[in-house]
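J.: Have a look at this one before I ask anything.
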Amino acid sequence: MSLVAILSLLVSSTFVYSAPLIFTALGGVYSENSGVTNIGLEGIMTMGAFSSIVFNLTFADSFGKLTPWLGALVGGIVGLIFSLLHAVATINFHADHIISGTVLNLMAPPLGVFLIKAIYDKGQTANINQSFGYFSFPGLANIPVLGPIFFKNTSAPAWAAIIVTIILWWLLYKTRFGLRLRSCGENPQAADTLGINVYGLRYAGVLISGFLGGIGGAIFAEAISGNFSISTIVGQGFMALAAVIFGKWNPIGAMLASLFFGFAQSISIIGNQLPFFNHIPAVYMQIAPYVITIVVLVLFFGKSVAPAADGQNYIKSK
């Protein structure tokens, strides 16, 4: 296998596995910058995956190749609705953010399987026919060396995620909305005295995280798993959360960390096709992404500085 072929395989596979993590991690960045810790990303991804697969199976004949993209939008909307539970619990009822997020994670898998059982009378769905697959950019794919590596048989959702990352970075750091959102995560009391609607902006942060997390789950289901079962989303939400911390609560940092975790996941899948990695026992390759996630959390959790009021309830009367 030539060097270009190896790099093409690595980049393409990394992009496929990174796209769901990038979208979900971006959602986590927005929620935590608003002051609401969201460890429920795993549950939100699960509901996004469930709804997108049901949509895909139902409307694939009607929408053709547009079906996965519309399915991702449906997954985002369902994720947004599901995240409302976390927003109401933490913002209105001042529940502990960790407990509320854990409830989302515990609730989503059995709820999805129950609904699948009710709809299809079986424990998991059939495989979809309209998946994201691979995409080659017209013109760019023909560029010598770089074209085959980055633009041929690549992941369109991953490139969309990179563009969304740049937009969300600009929104968070260059606009009045972003400044106000971050002020709610740093010092909600001071923000309130300036007339900023802390509750409203924290709702915005959580709902954005729900929408993006749902899209992340939908992309994972429609680009990687191809169906929905109780084991479709297993740990990807926690990897996205680790990417938020590794990326220091910054959209660009979260994207780069997601690419790193995507690379770790892809190596476990394509390692047997690559020189050096094909000598490592498969079991070590399969657990590597999760071990790397734990190591990264141990090494960087204490060094990364979260927004000052992240995870703290804000009560207006005090």
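Numbering starts fresh at 1 for the residues of each chain in the structure tokens, the chains themselves are lettered A, B, ... in the order given, and ligands are numbered from 1 as they appear.
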May I have all residues of range 26-220 of chain A that DSSP, computed from the backbone, assigns to helix (DSSP H, G or I), given as a ChimeraX atom specification?
T.: /A:26-33,41-92,97-120,140-142,146-151,156-174,176-186,188-193,198-220
J.: Neighbours of range 211-215 of chain A within 7 Å (only C-alpha atoms; same-chain residues fewer than 6 positions away dropped), as a ChimeraX atom specification?
T.: /A:23-24,27,41,44-45,47-48,72-73,75-80
J.: Would you put the residues from that selection into a file with N, CA and C atoms, as a CSV table (one decimal), in the first residue's frame?
T.:
chain,number,residue,atom,x,y,z
A,23,PHE,N,-19.8,17.4,16.4
A,23,PHE,CA,-21.1,18.1,16.7
A,23,PHE,C,-21.5,18.0,18.1
A,24,THR,N,-21.4,16.8,18.7
A,24,THR,CA,-21.8,16.7,20.1
A,24,THR,C,-20.9,17.5,21.1
A,27,GLY,N,-21.9,21.1,21.1
A,27,GLY,CA,-23.0,21.3,22.0
A,27,GLY,C,-22.6,21.4,23.4
A,41,LEU,N,-24.9,14.1,27.4
A,41,LEU,CA,-24.7,14.1,25.9
A,41,LEU,C,-24.9,12.7,25.4
A,44,ILE,N,-28.5,12.1,24.9
A,44,ILE,CA,-29.0,13.0,23.8
A,44,ILE,C,-28.6,12.4,22.5
A,45,MET,N,-27.4,11.9,22.4
A,45,MET,CA,-27.0,11.2,21.1
A,45,MET,C,-27.8,10.0,20.9
A,47,MET,N,-31.0,9.4,21.6
A,47,MET,CA,-32.3,9.8,21.1
A,47,MET,C,-32.1,10.4,19.7
A,48,GLY,N,-31.1,11.1,19.4
A,48,GLY,CA,-30.8,11.5,18.0
A,48,GLY,C,-30.6,10.4,17.1
A,72,ALA,N,-30.7,13.7,10.0
A,72,ALA,CA,-29.8,14.4,11.0
A,72,ALA,C,-30.5,15.6,11.6
A,73,LEU,N,-31.3,16.3,10.7
A,73,LEU,CA,-32.1,17.4,11.2
A,73,LEU,C,-33.2,16.9,12.2
A,75,GLY,N,-33.0,14.2,14.0
A,75,GLY,CA,-32.3,13.8,15.2
A,75,GLY,C,-31.9,15.0,16.1
A,76,GLY,N,-31.6,16.2,15.4
A,76,GLY,CA,-31.2,17.4,16.2
A,76,GLY,C,-32.5,17.9,16.9
A,77,ILE,N,-33.6,17.9,16.2
A,77,ILE,CA,-34.8,18.4,16.9
A,77,ILE,C,-35.2,17.6,18.0
A,78,VAL,N,-35.2,16.2,17.9
A,78,VAL,CA,-35.5,15.3,19.0
A,78,VAL,C,-34.5,15.5,20.1
A,79,GLY,N,-33.2,15.7,19.8
A,79,GLY,CA,-32.2,15.9,20.8
A,79,GLY,C,-32.5,17.2,21.6
A,80,LEU,N,-32.9,18.3,20.9
A,80,LEU,CA,-33.3,19.5,21.5
A,80,LEU,C,-34.5,19.3,22.5
J.: List as a ChimeraX atom specification the protein and nucleic acid residues near range 216-226 of chain A, meaning an atom at most 10 Å away when only C-alpha atoms are counted, but skip any in the same chain fewer than 6 places from it.
T.: /A:16-27,41-53,56,67-76,79,125-134,155,157-158,161,210,232-233,236-237,240
J.: Interatomic distance between CA of Ile208 in chain A and CA of Glu32 in chain A?
T.: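 Interatomic distance here is 10.9 Å.
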J.: Considering only C-alpha atoms, return as a list in words whatever protein or nucleic-acid residues lie within 9 Å of Phe260 in chain A, sequence-local ones (same chain, fewer than 4 positions apart) excluded.
T.: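 The filter keeps Thr14, Ser18, Ala243, Met255, Leu256, Ala264 and Gln265 of chain A.
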J.: Would you kindly return, as a list in words, each protein, DNA or RNA residue with an atom no farther than 10 Å from any atom of Leu7 in chain A, considering only C-alpha atoms and excluding same-chain residues fewer than 5 positions away?
T.: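 That gives Ser2, Ser12, Ser13, Val145, Leu146, Pro148, Ile149, Phe150 and Leu274 of chain A.
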J.: How would the residues just picked look written out with N, CA and C atoms as a PDB file, in the first residue's frame?
T.:
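Ended up saving to result.pdb:
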ATOM      1  N   SER A   2       0.619   2.194  -0.916  1.00  0.00           N
ATOM      2  CA  SER A   2       1.442   3.404  -1.001  1.00  0.00           C
ATOM      3  C   SER A   2       1.175   4.330   0.174  1.00  0.00           C
ATOM      4  N   SER A  12      -9.723   9.568   5.894  1.00  0.00           N
ATOM      5  CA  SER A  12     -11.122   9.300   5.617  1.00  0.00           C
ATOM      6  C   SER A  12     -11.802   8.645   6.815  1.00  0.00           C
ATOM      7  N   SER A  13     -11.161   7.642   7.398  1.00  0.00           N
ATOM      8  CA  SER A  13     -11.732   6.946   8.544  1.00  0.00           C
ATOM      9  C   SER A  13     -11.819   7.858   9.772  1.00  0.00           C
ATOM     10  N   VAL A 145      -1.998  14.565  -4.842  1.00  0.00           N
ATOM     11  CA  VAL A 145      -1.637  14.193  -3.473  1.00  0.00           C
ATOM     12  C   VAL A 145      -2.716  14.626  -2.464  1.00  0.00           C
ATOM     13  N   LEU A 146      -2.951  15.949  -2.321  1.00  0.00           N
ATOM     14  CA  LEU A 146      -3.913  16.426  -1.324  1.00  0.00           C
ATOM     15  C   LEU A 146      -5.344  16.001  -1.658  1.00  0.00           C
ATOM     16  N   PRO A 148      -6.647  13.182  -3.174  1.00  0.00           N
ATOM     17  CA  PRO A 148      -7.015  11.833  -2.709  1.00  0.00           C
ATOM     18  C   PRO A 148      -7.036  11.696  -1.187  1.00  0.00           C
ATOM     19  N   ILE A 149      -6.179  12.483  -0.499  1.00  0.00           N
ATOM     20  CA  ILE A 149      -6.102  12.346   0.965  1.00  0.00           C
ATOM     21  C   ILE A 149      -7.287  13.016   1.658  1.00  0.00           C
ATOM     22  N   PHE A 150      -7.612  14.246   1.244  1.00  0.00           N
ATOM     23  CA  PHE A 150      -8.603  15.025   1.988  1.00  0.00           C
ATOM     24  C   PHE A 150      -9.965  15.141   1.309  1.00  0.00           C
ATOM     25  N   LEU A 274      -3.201  -1.526   8.311  1.00  0.00           N
ATOM     26  CA  LEU A 274      -2.071  -0.600   8.341  1.00  0.00           C
ATOM     27  C   LEU A 274      -0.796  -1.277   8.826  1.00  0.00           C
TER      28      LEU A 274
END
J.: Check the smallest atom-to-atom distance from each of A:Ser258, A:Ser229, A:Gln312, A:Gln273 to Leu115 in chain A using only C-alpha atoms, then report the winner.
T.: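 Looking only at the distances to Leu115 in chain A, the closest residue turns out to be A:Ser229.
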J.: Please list as a list of chain:residue names every residue within 10 Å of Tyr290 in chain A, counting only C-alpha atoms and excluding residues in the same chain fewer than 2 positions away.
T.: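 Returned residues: A:Gly235, A:Gln236, A:Phe238, A:Met239, A:Phe261, A:Ala264, A:Gln265, A:Met285, A:Gln286, A:Ile287, A:Ala288, A:Ile292, A:Thr293, A:Ile294, A:Val295, A:Val296.
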